[in-house]
>>> print(open('run11.json').read())   # JSON, C-alpha atoms
[["chain", "number", "residue", "atom", "x", "y", "z"],
["A", 1, "MET", "CA", -163.62, 25.42, -80.16],
["A", 2, "THR", "CA", -167.16, 26.71, -80.50],
["A", 3, "ILE", "CA", -168.30, 27.25, -84.08],
["A", 4, "SER", "CA", -169.79, 30.72, -84.36],
["A", 5, "PHE", "CA", -171.61, 32.48, -87.17],
["A", 6, "GLU", "CA", -171.33, 35.99, -85.75],
["A", 7, "ASP", "CA", -171.18, 38.64, -88.48],
["A", 8, "ARG", "CA", -172.34, 36.12, -91.08],
["A", 9, "VAL", "CA", -175.44, 36.40, -93.24],
["A", 10, "ALA", "CA", -177.04, 33.12, -94.22],
["A", 11, "ILE", "CA", -179.79, 32.20, -96.66],
["A", 12, "VAL", "CA", -181.69, 28.97, -96.08],
["A", 13, "THR", "CA", -184.18, 27.95, -98.75],
["A", 14, "GLY", "CA", -187.19, 25.86, -97.86],
["A", 15, "ALA", "CA", -186.77, 27.00, -94.26],
["A", 16, "GLY", "CA", -190.43, 27.19, -93.27],
["A", 17, "GLY", "CA", -190.36, 23.75, -91.67],
["A", 18, "GLY", "CA", -188.42, 20.53, -91.23],
["A", 19, "LEU", "CA", -184.69, 20.58, -91.91],
["A", 20, "GLY", "CA", -184.60, 24.14, -93.23],
["A", 21, "ARG", "CA", -186.31, 25.55, -90.16],
["A", 22, "THR", "CA", -183.90, 23.69, -87.90],
["A", 23, "TYR", "CA", -180.89, 24.99, -89.84],
["A", 24, "ALA", "CA", -182.21, 28.55, -89.68],
["A", 25, "LEU", "CA", -182.87, 28.40, -85.96],
["A", 26, "GLU", "CA", -179.45, 26.98, -85.15],
["A", 27, "LEU", "CA", -177.59, 29.39, -87.43],
["A", 28, "ALA", "CA", -179.38, 32.27, -85.72],
["A", 29, "ARG", "CA", -178.68, 30.84, -82.27],
["A", 30, "ARG", "CA", -175.01, 30.85, -83.16],
["A", 31, "GLY", "CA", -175.07, 34.48, -84.27],
["A", 32, "ALA", "CA", -175.94, 34.49, -87.96],
["A", 33, "LYS", "CA", -178.42, 36.85, -89.53],
["A", 34, "VAL", "CA", -180.75, 34.55, -91.44],
["A", 35, "VAL", "CA", -182.91, 34.94, -94.52],
["A", 36, "VAL", "CA", -185.71, 32.41, -94.06],
["A", 37, "ASN", "CA", -186.88, 31.55, -97.55],
["A", 38, "ASP", "CA", -189.96, 29.44, -98.12],
["A", 39, "LEU", "CA", -192.56, 29.45, -100.83],
["A", 40, "GLY", "CA", -194.80, 27.97, -98.17],
["A", 41, "GLY", "CA", -196.48, 25.36, -100.33],
["A", 42, "SER", "CA", -197.30, 21.76, -99.60],
["A", 43, "ARG", "CA", -194.68, 19.13, -100.21],
["A", 44, "ASP", "CA", -195.84, 18.65, -103.81],
["A", 45, "GLY", "CA", -195.11, 22.33, -104.42],
["A", 46, "THR", "CA", -198.67, 23.65, -104.50],
["A", 47, "GLY", "CA", -200.23, 26.31, -102.29],
["A", 48, "HIS", "CA", -198.74, 29.00, -100.08],
["A", 49, "SER", "CA", -198.50, 29.74, -96.36],
["A", 50, "ASP", "CA", -196.81, 32.07, -93.90],
["A", 51, "ALA", "CA", -194.36, 29.39, -92.73],
["A", 52, "ALA", "CA", -191.29, 31.60, -93.21],
["A", 53, "LEU", "CA", -192.79, 34.38, -91.09],
["A", 54, "LYS", "CA", -193.37, 31.98, -88.22],
["A", 55, "VAL", "CA", -189.73, 30.89, -88.25],
["A", 56, "VAL", "CA", -188.59, 34.51, -88.28],
["A", 57, "GLU", "CA", -190.80, 35.14, -85.24],
["A", 58, "GLU", "CA", -189.16, 32.19, -83.47],
["A", 59, "ILE", "CA", -185.70, 33.55, -84.21],
["A", 60, "GLU", "CA", -186.55, 37.08, -83.13],
["A", 61, "ALA", "CA", -188.24, 35.85, -79.96],
["A", 62, "ALA", "CA", -184.95, 34.15, -79.06],
["A", 63, "GLY", "CA", -183.03, 37.39, -79.64],
["A", 64, "GLY", "CA", -181.77, 36.64, -83.14],
["A", 65, "ALA", "CA", -181.98, 38.53, -86.43],
["A", 66, "ALA", "CA", -183.94, 37.21, -89.40],
["A", 67, "MET", "CA", -186.04, 38.22, -92.38],
["A", 68, "SER", "CA", -188.57, 36.21, -94.33],
["A", 69, "ASN", "CA", -188.70, 35.68, -98.06],
["A", 70, "GLY", "CA", -191.37, 33.94, -100.11],
["A", 71, "GLY", "CA", -189.41, 33.68, -103.34],
["A", 72, "ASN", "CA", -189.65, 30.63, -105.58],
["A", 73, "VAL", "CA", -186.23, 29.00, -106.09],
["A", 74, "ALA", "CA", -187.36, 27.87, -109.54],
["A", 75, "GLU", "CA", -187.46, 31.51, -110.66],
["A", 76, "PHE", "CA", -183.98, 33.03, -111.02],
["A", 77, "GLY", "CA", -185.26, 36.60, -110.85],
["A", 78, "GLN", "CA", -186.83, 35.92, -107.47],
["A", 79, "MET", "CA", -183.53, 34.55, -106.16],
["A", 80, "GLU", "CA", -181.71, 37.63, -107.41],
["A", 81, "GLU", "CA", -184.26, 39.75, -105.56],
["A", 82, "LEU", "CA", -183.80, 37.68, -102.41],
["A", 83, "VAL", "CA", -180.04, 38.24, -102.43],
["A", 84, "ALA", "CA", -180.46, 41.95, -103.18],
["A", 85, "LYS", "CA", -182.78, 42.36, -100.18],
["A", 86, "ALA", "CA", -180.38, 40.50, -97.90],
["A", 87, "LYS", "CA", -177.49, 42.70, -99.01],
["A", 88, "GLU", "CA", -179.60, 45.84, -98.65],
["A", 89, "LYS", "CA", -180.43, 44.96, -95.07],
["A", 90, "TRP", "CA", -177.21, 43.32, -93.85],
["A", 91, "GLY", "CA", -174.54, 44.18, -96.41],
["A", 92, "SER", "CA", -173.64, 40.77, -97.79],
["A", 93, "VAL", "CA", -174.35, 37.05, -97.96],
["A", 94, "HIS", "CA", -171.81, 34.53, -96.69],
["A", 95, "ILE", "CA", -173.73, 31.27, -96.48],
["A", 96, "LEU", "CA", -176.29, 29.54, -98.67],
["A", 97, "ILE", "CA", -178.04, 26.32, -97.75],
["A", 98, "ASN", "CA", -180.01, 24.97, -100.70],
["A", 99, "ASN", "CA", -182.72, 22.98, -98.96],
["A", 100, "ALA", "CA", -185.96, 23.73, -100.81],
["A", 101, "GLY", "CA", -187.62, 20.82, -102.54],
["A", 102, "ILE", "CA", -190.81, 19.02, -103.48],
["A", 103, "LEU", "CA", -191.88, 15.43, -104.11],
["A", 104, "ARG", "CA", -193.91, 13.98, -106.96],
["A", 105, "ASP", "CA", -193.33, 10.27, -106.33],
["A", 106, "LYS", "CA", -194.51, 7.65, -108.82],
["A", 107, "SER", "CA", -192.93, 4.78, -110.67],
["A", 108, "PHE", "CA", -191.32, 5.90, -113.91],
["A", 109, "ALA", "CA", -193.96, 3.98, -115.87],
["A", 110, "LYS", "CA", -196.72, 6.05, -114.28],
["A", 111, "MET", "CA", -194.92, 9.37, -113.95],
["A", 112, "THR", "CA", -195.74, 12.24, -116.30],
["A", 113, "MET", "CA", -192.87, 14.18, -117.81],
["A", 114, "GLU", "CA", -194.39, 17.31, -116.28],
["A", 115, "ASP", "CA", -193.82, 15.84, -112.81],
["A", 116, "PHE", "CA", -190.32, 14.73, -113.79],
["A", 117, "GLU", "CA", -189.39, 18.18, -115.05],
["A", 118, "LEU", "CA", -190.94, 20.04, -112.12],
["A", 119, "VAL", "CA", -189.00, 18.09, -109.49],
["A", 120, "VAL", "CA", -185.75, 18.56, -111.39],
["A", 121, "LYS", "CA", -186.53, 22.25, -111.81],
["A", 122, "VAL", "CA", -187.17, 22.86, -108.12],
["A", 123, "HIS", "CA", -184.31, 20.81, -106.70],
["A", 124, "LEU", "CA", -181.55, 21.10, -109.29],
["A", 125, "ILE", "CA", -182.33, 24.26, -111.23],
["A", 126, "GLY", "CA", -183.65, 25.91, -108.07],
["A", 127, "SER", "CA", -180.37, 25.27, -106.25],
["A", 128, "ALA", "CA", -178.43, 26.52, -109.27],
["A", 129, "ASN", "CA", -180.59, 29.67, -109.33],
["A", 130, "ALA", "CA", -179.98, 30.48, -105.69],
["A", 131, "THR", "CA", -176.28, 29.68, -106.02],
["A", 132, "LYS", "CA", -175.87, 31.82, -109.13],
["A", 133, "ALA", "CA", -177.60, 34.68, -107.35],
["A", 134, "VAL", "CA", -175.00, 34.68, -104.53],
["A", 135, "TRP", "CA", -171.97, 33.56, -106.55],
["A", 136, "GLU", "CA", -170.59, 36.93, -107.63],
["A", 137, "THR", "CA", -171.02, 38.40, -104.15],
["A", 138, "MET", "CA", -169.06, 35.52, -102.68],
["A", 139, "ARG", "CA", -166.34, 35.84, -105.32],
["A", 140, "GLU", "CA", -165.99, 39.58, -104.70],
["A", 141, "GLN", "CA", -165.65, 39.16, -100.94],
["A", 142, "ASN", "CA", -163.43, 36.06, -101.22],
["A", 143, "TYR", "CA", -165.68, 34.09, -98.92],
["A", 144, "GLY", "CA", -168.60, 31.78, -99.38],
["A", 145, "ARG", "CA", -170.01, 28.58, -97.96],
["A", 146, "ILE", "CA", -172.61, 26.72, -100.03],
["A", 147, "LEU", "CA", -174.43, 23.51, -99.17],
["A", 148, "MET", "CA", -176.40, 21.41, -101.63],
["A", 149, "THR", "CA", -178.96, 18.90, -100.42],
["A", 150, "ALA", "CA", -178.70, 15.50, -102.09],
["A", 151, "SER", "CA", -180.31, 12.27, -100.97],
["A", 152, "SER", "CA", -179.66, 8.55, -100.66],
["A", 153, "THR", "CA", -182.12, 8.30, -103.55],
["A", 154, "GLY", "CA", -179.75, 10.26, -105.75],
["A", 155, "LEU", "CA", -176.67, 8.43, -104.55],
["A", 156, "TYR", "CA", -178.08, 4.91, -104.48],
["A", 157, "GLY", "CA", -181.61, 4.88, -105.91],
["A", 158, "ASN", "CA", -185.10, 4.36, -104.54],
["A", 159, "PHE", "CA", -188.17, 2.90, -106.22],
["A", 160, "GLY", "CA", -190.68, 5.51, -107.37],
["A", 161, "GLN", "CA", -188.33, 8.49, -107.24],
["A", 162, "SER", "CA", -186.63, 8.70, -110.63],
["A", 163, "ASN", "CA", -187.27, 12.45, -110.88],
["A", 164, "TYR", "CA", -186.05, 13.13, -107.34],
["A", 165, "GLY", "CA", -183.03, 10.87, -107.71],
["A", 166, "ALA", "CA", -181.96, 12.45, -111.00],
["A", 167, "ALA", "CA", -182.14, 15.91, -109.45],
["A", 168, "LYS", "CA", -180.33, 14.91, -106.28],
["A", 169, "LEU", "CA", -177.39, 13.23, -107.99],
["A", 170, "GLY", "CA", -177.25, 16.26, -110.26],
["A", 171, "LEU", "CA", -176.68, 18.41, -107.19],
["A", 172, "ALA", "CA", -173.73, 16.27, -106.14],
["A", 173, "GLY", "CA", -172.33, 16.77, -109.63],
["A", 174, "LEU", "CA", -172.91, 20.52, -109.46],
["A", 175, "THR", "CA", -170.94, 20.60, -106.21],
["A", 176, "LYS", "CA", -167.99, 18.86, -107.83],
["A", 177, "THR", "CA", -167.50, 21.60, -110.42],
["A", 178, "LEU", "CA", -168.41, 24.58, -108.24],
["A", 179, "TYR", "CA", -165.87, 23.63, -105.59],
["A", 180, "LEU", "CA", -163.17, 23.83, -108.29],
["A", 181, "GLU", "CA", -164.39, 27.13, -109.70],
["A", 182, "GLY", "CA", -164.82, 28.69, -106.25],
["A", 183, "ALA", "CA", -161.57, 27.54, -104.69],
["A", 184, "LYS", "CA", -159.45, 30.58, -105.54],
["A", 185, "ASN", "CA", -162.07, 32.84, -103.95],
["A", 186, "ASN", "CA", -162.41, 30.80, -100.75],
["A", 187, "ILE", "CA", -165.84, 29.47, -101.72],
["A", 188, "ARG", "CA", -166.35, 26.01, -100.29],
["A", 189, "VAL", "CA", -169.13, 23.84, -101.64],
["A", 190, "ASN", "CA", -170.43, 20.62, -100.11],
["A", 191, "THR", "CA", -173.30, 18.18, -100.43],
["A", 192, "LEU", "CA", -175.43, 16.82, -97.60],
["A", 193, "ALA", "CA", -177.54, 13.68, -97.88],
["A", 194, "PRO", "CA", -179.89, 13.84, -94.88],
["A", 195, "VAL", "CA", -182.07, 11.10, -93.44],
["A", 196, "ALA", "CA", -184.77, 12.85, -91.46],
["A", 197, "GLY", "CA", -188.33, 12.51, -90.28],
["A", 198, "THR", "CA", -190.04, 15.56, -91.78],
["A", 199, "ARG", "CA", -193.16, 16.52, -93.68],
["A", 200, "MET", "CA", -191.52, 15.02, -96.76],
["A", 201, "THR", "CA", -191.22, 11.58, -95.13],
["A", 202, "GLU", "CA", -193.98, 11.47, -92.53],
["A", 203, "ASP", "CA", -196.26, 9.09, -94.48],
["A", 204, "LEU", "CA", -193.64, 6.42, -95.19],
["A", 205, "GLY", "CA", -194.98, 4.32, -92.33],
["A", 206, "MET", "CA", -191.88, 4.35, -90.12],
["A", 207, "PRO", "CA", -192.35, 3.59, -86.39],
["A", 208, "GLU", "CA", -192.87, 6.65, -84.20],
["A", 209, "ALA", "CA", -189.66, 6.01, -82.23],
["A", 210, "LEU", "CA", -187.66, 5.94, -85.46],
["A", 211, "PHE", "CA", -189.39, 9.07, -86.75],
["A", 212, "LYS", "CA", -188.34, 10.88, -83.57],
["A", 213, "ALA", "CA", -184.77, 9.56, -83.80],
["A", 214, "LEU", "CA", -184.62, 10.91, -87.35],
["A", 215, "SER", "CA", -185.36, 14.43, -86.18],
["A", 216, "PRO", "CA", -183.92, 17.36, -88.14],
["A", 217, "GLU", "CA", -182.00, 18.32, -84.99],
["A", 218, "ASN", "CA", -179.79, 15.29, -85.58],
["A", 219, "VAL", "CA", -178.95, 16.42, -89.12],
["A", 220, "ALA", "CA", -178.26, 20.08, -88.36],
["A", 221, "PRO", "CA", -174.80, 19.55, -86.80],
["A", 222, "ALA", "CA", -173.46, 18.24, -90.11],
["A", 223, "ALA", "CA", -175.12, 21.00, -92.11],
["A", 224, "LEU", "CA", -173.73, 23.75, -89.92],
["A", 225, "PHE", "CA", -170.24, 22.28, -89.89],
["A", 226, "LEU", "CA", -170.29, 22.12, -93.71],
["A", 227, "VAL", "CA", -171.02, 25.88, -93.94],
["A", 228, "SER", "CA", -168.66, 26.93, -91.14],
["A", 229, "GLU", "CA", -165.45, 28.89, -91.64],
["A", 230, "ASP", "CA", -163.28, 25.76, -91.34],
["A", 231, "ALA", "CA", -165.55, 23.60, -93.48],
["A", 232, "PRO", "CA", -164.05, 21.11, -95.91],
["A", 233, "THR", "CA", -165.00, 21.34, -99.57],
["A", 234, "ASN", "CA", -166.23, 18.87, -102.20],
["A", 235, "MET", "CA", -167.57, 16.44, -99.60],
["A", 236, "ILE", "CA", -170.72, 14.33, -99.74],
["A", 237, "VAL", "CA", -171.83, 13.78, -96.15],
["A", 238, "GLY", "CA", -174.72, 11.68, -94.92],
["A", 239, "ALA", "CA", -176.48, 12.42, -91.63],
["A", 240, "GLY", "CA", -179.37, 10.95, -89.71],
["A", 241, "ALA", "CA", -180.38, 9.89, -86.19],
["A", 242, "GLY", "CA", -176.99, 10.93, -84.84],
["A", 243, "ALA", "CA", -174.98, 8.90, -87.36],
["A", 244, "TYR", "CA", -172.69, 10.68, -89.82],
["A", 245, "HIS", "CA", -170.74, 9.30, -92.76],
["A", 246, "ALA", "CA", -169.13, 10.26, -96.06],
["A", 247, "ALA", "CA", -169.93, 9.04, -99.56],
["A", 248, "TYR", "CA", -167.49, 9.03, -102.45],
["A", 249, "VAL", "CA", -167.54, 8.70, -106.22],
["A", 250, "THR", "CA", -164.68, 6.29, -106.85],
["A", 251, "LEU", "CA", -162.76, 5.04, -109.87],
["A", 252, "THR", "CA", -161.23, 1.58, -110.29],
["A", 253, "PRO", "CA", -157.83, 1.16, -111.99],
["A", 254, "GLY", "CA", -159.58, -0.89, -114.68],
["A", 255, "VAL", "CA", -157.69, -2.49, -117.51],
["A", 256, "ALA", "CA", -156.44, -1.41, -120.94],
["A", 257, "LEU", "CA", -157.16, -3.93, -123.68],
["A", 258, "PRO", "CA", -155.04, -4.59, -126.73],
["A", 259, "LEU", "CA", -156.63, -3.57, -130.02],
["A", 260, "GLU", "CA", -157.85, -7.04, -130.91],
["A", 261, "GLU", "CA", -159.77, -7.33, -127.61],
["A", 262, "ARG", "CA", -161.58, -3.99, -127.83],
["A", 263, "THR", "CA", -164.88, -5.67, -128.57],
["A", 264, "PRO", "CA", -168.04, -6.37, -126.54],
["A", 265, "GLU", "CA", -166.69, -9.88, -126.07],
["A", 266, "GLY", "CA", -163.40, -8.48, -124.79],
["A", 267, "ILE", "CA", -165.27, -6.35, -122.25],
["A", 268, "ALA", "CA", -167.19, -9.44, -121.10],
["A", 269, "ALA", "CA", -164.00, -11.48, -120.80],
["A", 270, "HIS", "CA", -162.26, -8.84, -118.68],
["A", 271, "TRP", "CA", -165.29, -7.67, -116.71],
["A", 272, "ASP", "CA", -163.97, -8.88, -113.35],
["A", 273, "GLN", "CA", -160.76, -6.89, -113.87],
["A", 274, "ILE", "CA", -162.67, -3.79, -114.93],
["A", 275, "ILE", "CA", -164.78, -3.70, -111.79],
["A", 276, "ALA", "CA", -162.12, -4.90, -109.32],
["A", 277, "ARG", "CA", -161.89, -2.33, -106.53],
["A", 278, "ASP", "CA", -158.31, -2.96, -105.40],
["A", 279, "GLY", "CA", -156.47, 0.32, -105.81],
["A", 280, "GLU", "CA", -159.56, 2.41, -106.57],
["A", 281, "ILE", "CA", -159.23, 6.16, -106.09],
["A", 282, "VAL", "CA", -161.44, 9.15, -105.32],
["A", 283, "PRO", "CA", -160.73, 11.65, -108.12],
["A", 284, "LYS", "CA", -160.73, 15.33, -107.25],
["A", 285, "THR", "CA", -161.37, 16.38, -110.86],
["A", 286, "GLY", "CA", -162.74, 14.76, -113.98],
["A", 287, "GLY", "CA", -159.29, 14.94, -115.53],
["A", 288, "GLU", "CA", -158.11, 12.19, -113.22],
["A", 289, "GLN", "CA", -160.16, 9.69, -115.22],
["A", 290, "SER", "CA", -157.99, 10.51, -118.22],
["A", 291, "ALA", "CA", -154.90, 9.97, -116.08],
["A", 292, "VAL", "CA", -156.14, 6.51, -115.10],
["A", 293, "VAL", "CA", -156.76, 5.71, -118.77],
["A", 294, "MET", "CA", -153.24, 6.77, -119.70],
["A", 295, "ALA", "CA", -151.74, 4.78, -116.83],
["A", 296, "ALA", "CA", -153.60, 1.68, -117.95],
["A", 297, "LEU", "CA", -152.46, 2.18, -121.53],
["A", 298, "GLY", "CA", -148.90, 2.55, -120.36],
["A", 299, "LYS", "CA", -149.00, -0.99, -119.05],
["A", 300, "ILE", "CA", -149.65, -2.34, -122.54],
["A", 301, "GLY", "CA", -147.13, -0.17, -124.29],
["A", 302, "GLY", "CA", -149.06, 2.99, -125.21],
["A", 303, "LEU", "CA", -152.04, 3.94, -127.33],
["A", 304, "GLY", "CA", -151.79, 0.93, -129.66]]
>>> encode(input="run11.json", output="structure tokens")
Amino acid sequence: MTISFEDRVAIVTGAGGGLGRTYALELARRGAKVVVNDLGGSRDGTGHSDAALKVVEEIEAAGGAAMSNGGNVAEFGQMEELVAKAKEKWGSVHILINNAGILRDKSFAKMTMEDFELVVKVHLIGSANATKAVWETMREQNYGRILMTASSTGLYGNFGQSNYGAAKLGLAGLTKTLYLEGAKNNIRVNTLAPVAGTRMTEDLGMPEALFKALSPENVAPAALFLVSEDAPTNMIVGAGAGAYHAAYVTLTPGVALPLEERTPEGIAAHWDQIIARDGEIVPKTGGEQSAVVMAALGKIGGLG
């Protein structure tokens, strides 16, 4: 069955180029009315351009409907204004893809706290701002599809990107609570960890053939599925070069220690049992950690 976005209004942040532009173009091609948001700055967040306007022109030239927006995701008031303009023009907002971001890469030893805070503000707070701005609309209409953009850096780490990684894993955590809070109003929230050759990654020295294989066009199918009507919720999906996979935050059964072994030495002695992955689970809520604790305690006869 063809996935269509007819009669849907979508906002894509950071859509002036790279992944965001590709998402916007494909959403429009499949019938969505698209708000193309882009501050238009360079990848370190400075400067401005008319990047969003150019994407709107592409969409309209292909027969689609779009509007540009130059709002800064780091400013909540500007995101509120963005949503208000979309609703004024098209009546509602059904889809939000949080894609806007910047880089300020340095080792933690050399990084200033200003650069740490700015990257967290744009990626994490910026995504929260845009999401908060659409949240009540989606609750009222009992429909919403929201996509956060994480990264392998957030999930697994990468040298020189402590600020970026902290923000990106924070977005995965934000997803895990919002999917619970949005469930009764049919708001589905997912996280995408893309691997793509874009302006953000063009100077990493990868071979040209690999850069082309990592085109945004190979990430877009996952993004669009995750904001479609039949999308799952609370998933972390990786995508790049035509390969797609899921990532999970898991929990081992662990071990409950008797009172006399609840010491650093006891932890050391039982470390292999604590980290053993046989029987690990993927919790759907934080409360499941407590359930695992209680189950482990039950094996030694209670709270002790």
>>> atom_distance(input="run11.json", atom1="atom CA of Phe5 of chain A", atom2="atom CA of Glu57 of chain A")
19.5 Å
>>> closest_residue(input="run11.json", among="A:Ser228, A:Ala128, A:Val219, A:Leu147", to="Glu6 of chain A", atoms="all atoms listed in the file")
A:Ser228
>>> residues_around(input="run11.json", residues="segment 34-41 of chain A", least_positions_apart="4", cutoff="9 Å", atoms="only C-alpha atoms", output="number ranges by chain")
A: 8-17, 20-21, 24-25, 27-28, 45-53, 55-56, 59, 64-73, 82, 86, 100
>>> closest_residue(input="run11.json", among="A:Lys89, A:Tyr248, A:Leu96, A:Gly242", to="Leu214 of chain A", atoms="all atoms listed in the file")
A:Gly242
>>> residues_around(input="run11.json", residues="segment 292-298 of chain A", least_positions_apart="5", cutoff="10 Å", atoms="all atoms listed in the file", output="list in words")
Leu251, Thr252, Pro253, Gly254, Val255, Ala256, Leu257, Pro258, Ile281, Pro283, Gly287, Leu303 and Gly304 of chain A
>>> write_last_selection(input="run11.json", atoms="C-alpha atoms", output="PDB file, in the coordinates of the input")
ATOM      1  CA  LEU A 251    -162.760   5.040-109.870  1.00  0.00           C
ATOM      2  CA  THR A 252    -161.230   1.580-110.290  1.00  0.00           C
ATOM      3  CA  PRO A 253    -157.830   1.160-111.990  1.00  0.00           C
ATOM      4  CA  GLY A 254    -159.580  -0.890-114.680  1.00  0.00           C
ATOM      5  CA  VAL A 255    -157.690  -2.490-117.510  1.00  0.00           C
ATOM      6  CA  ALA A 256    -156.440  -1.410-120.940  1.00  0.00           C
ATOM      7  CA  LEU A 257    -157.160  -3.930-123.680  1.00  0.00           C
ATOM      8  CA  PRO A 258    -155.040  -4.590-126.730  1.00  0.00           C
ATOM      9  CA  ILE A 281    -159.230   6.160-106.090  1.00  0.00           C
ATOM     10  CA  PRO A 283    -160.730  11.650-108.120  1.00  0.00           C
ATOM     11  CA  GLY A 287    -159.290  14.940-115.530  1.00  0.00           C
ATOM     12  CA  LEU A 303    -152.040   3.940-127.330  1.00  0.00           C
ATOM     13  CA  GLY A 304    -151.790   0.930-129.660  1.00  0.00           C
TER      14      GLY A 304
END
>>> closest_residue(input="run11.json", among="A:Lys106, A:Arg262, A:Lys212, A:Lys132", to="Gln78 of chain A", atoms="only C-alpha atoms")
A:Lys132
>>> closest_residue(input="run11.json", among="A:Glu181, A:Glu117, A:Glu260, A:Asp105", to="Thr285 of chain A", atoms="only C-alpha atoms")
A:Glu181
>>> residues_around(input="run11.json", residues="Leu224 of chain A", least_positions_apart="5", cutoff="9 Å", atoms="only C-alpha atoms", output="PyMOL selection string")
chain A and resi 3+23+26-27+231
>>> write_last_selection(input="run11.json", atoms="C-alpha atoms", output="tab-separated table (two decimals), in the frame of the given file")
chain	number	residue	atom	x	y	z
A	3	ILE	CA	-168.30	27.25	-84.08
A	23	TYR	CA	-180.89	24.99	-89.84
A	26	GLU	CA	-179.45	26.98	-85.15
A	27	LEU	CA	-177.59	29.39	-87.43
A	231	ALA	CA	-165.55	23.60	-93.48
>>> residues_around(input="run11.json", residues="Pro194 of chain A", least_positions_apart="6", cutoff="10 Å", atoms="all atoms listed in the file", output="tab-separated table (two decimals) with C-alpha atoms, in the frame of the given file")
chain	number	residue	atom	x	y	z
A	19	LEU	CA	-184.69	20.58	-91.91
A	149	THR	CA	-178.96	18.90	-100.42
A	150	ALA	CA	-178.70	15.50	-102.09
A	151	SER	CA	-180.31	12.27	-100.97
A	152	SER	CA	-179.66	8.55	-100.66
A	214	LEU	CA	-184.62	10.91	-87.35
A	216	PRO	CA	-183.92	17.36	-88.14
A	218	ASN	CA	-179.79	15.29	-85.58
A	219	VAL	CA	-178.95	16.42	-89.12
A	220	ALA	CA	-178.26	20.08	-88.36
A	222	ALA	CA	-173.46	18.24	-90.11
A	223	ALA	CA	-175.12	21.00	-92.11
A	237	VAL	CA	-171.83	13.78	-96.15
A	238	GLY	CA	-174.72	11.68	-94.92
A	239	ALA	CA	-176.48	12.42	-91.63
A	240	GLY	CA	-179.37	10.95	-89.71
A	241	ALA	CA	-180.38	9.89	-86.19
A	244	TYR	CA	-172.69	10.68	-89.82
>>> atom_distance(input="run11.json", atom1="atom CA of Ile236 of chain A", atom2="atom CA of Leu192 of chain A")
5.7 Å
>>> build_atoms(input="run11.json", residues="segment 66-76 of chain A", atoms="N, CA, C and O atoms", output="PDB file, in the coordinates of the input")
ATOM      1  N   ALA A  66    -183.497  37.978 -88.239  1.00  0.00           N
ATOM      2  CA  ALA A  66    -183.940  37.210 -89.400  1.00  0.00           C
ATOM      3  C   ALA A  66    -184.899  38.033 -90.238  1.00  0.00           C
ATOM      4  O   ALA A  66    -185.493  39.005 -89.761  1.00  0.00           O
ATOM      5  N   MET A  67    -185.037  37.644 -91.503  1.00  0.00           N
ATOM      6  CA  MET A  67    -186.040  38.220 -92.380  1.00  0.00           C
ATOM      7  C   MET A  67    -186.645  37.100 -93.207  1.00  0.00           C
ATOM      8  O   MET A  67    -185.985  36.095 -93.486  1.00  0.00           O
ATOM      9  N   SER A  68    -187.905  37.251 -93.564  1.00  0.00           N
ATOM     10  CA  SER A  68    -188.570  36.210 -94.330  1.00  0.00           C
ATOM     11  C   SER A  68    -188.541  36.550 -95.815  1.00  0.00           C
ATOM     12  O   SER A  68    -188.411  37.712 -96.206  1.00  0.00           O
ATOM     13  N   ASN A  69    -188.646  35.499 -96.625  1.00  0.00           N
ATOM     14  CA  ASN A  69    -188.700  35.680 -98.060  1.00  0.00           C
ATOM     15  C   ASN A  69    -189.538  34.568 -98.655  1.00  0.00           C
ATOM     16  O   ASN A  69    -189.319  33.396 -98.353  1.00  0.00           O
ATOM     17  N   GLY A  70    -190.488  34.934 -99.510  1.00  0.00           N
ATOM     18  CA  GLY A  70    -191.370  33.940-100.110  1.00  0.00           C
ATOM     19  C   GLY A  70    -191.033  33.608-101.544  1.00  0.00           C
ATOM     20  O   GLY A  70    -191.873  33.087-102.271  1.00  0.00           O
ATOM     21  N   GLY A  71    -189.809  33.893-101.957  1.00  0.00           N
ATOM     22  CA  GLY A  71    -189.410  33.680-103.340  1.00  0.00           C
ATOM     23  C   GLY A  71    -189.378  32.209-103.733  1.00  0.00           C
ATOM     24  O   GLY A  71    -189.106  31.327-102.927  1.00  0.00           O
ATOM     25  N   ASN A  72    -189.658  31.977-105.011  1.00  0.00           N
ATOM     26  CA  ASN A  72    -189.650  30.630-105.580  1.00  0.00           C
ATOM     27  C   ASN A  72    -188.263  30.339-106.139  1.00  0.00           C
ATOM     28  O   ASN A  72    -187.797  31.022-107.048  1.00  0.00           O
ATOM     29  N   VAL A  73    -187.590  29.311-105.627  1.00  0.00           N
ATOM     30  CA  VAL A  73    -186.230  29.000-106.090  1.00  0.00           C
ATOM     31  C   VAL A  73    -186.204  28.666-107.577  1.00  0.00           C
ATOM     32  O   VAL A  73    -185.158  28.808-108.227  1.00  0.00           O
ATOM     33  N   ALA A  74    -187.314  28.229-108.119  1.00  0.00           N
ATOM     34  CA  ALA A  74    -187.360  27.870-109.540  1.00  0.00           C
ATOM     35  C   ALA A  74    -187.361  29.082-110.459  1.00  0.00           C
ATOM     36  O   ALA A  74    -187.262  28.926-111.681  1.00  0.00           O
ATOM     37  N   GLU A  75    -187.459  30.278-109.873  1.00  0.00           N
ATOM     38  CA  GLU A  75    -187.460  31.510-110.660  1.00  0.00           C
ATOM     39  C   GLU A  75    -186.201  32.316-110.329  1.00  0.00           C
ATOM     40  O   GLU A  75    -186.075  32.870-109.246  1.00  0.00           O
ATOM     41  N   PHE A  76    -185.266  32.386-111.276  1.00  0.00           N
ATOM     42  CA  PHE A  76    -183.980  33.030-111.020  1.00  0.00           C
ATOM     43  C   PHE A  76    -184.143  34.488-110.582  1.00  0.00           C
ATOM     44  O   PHE A  76    -183.463  34.945-109.661  1.00  0.00           O
TER      45      PHE A  76
END
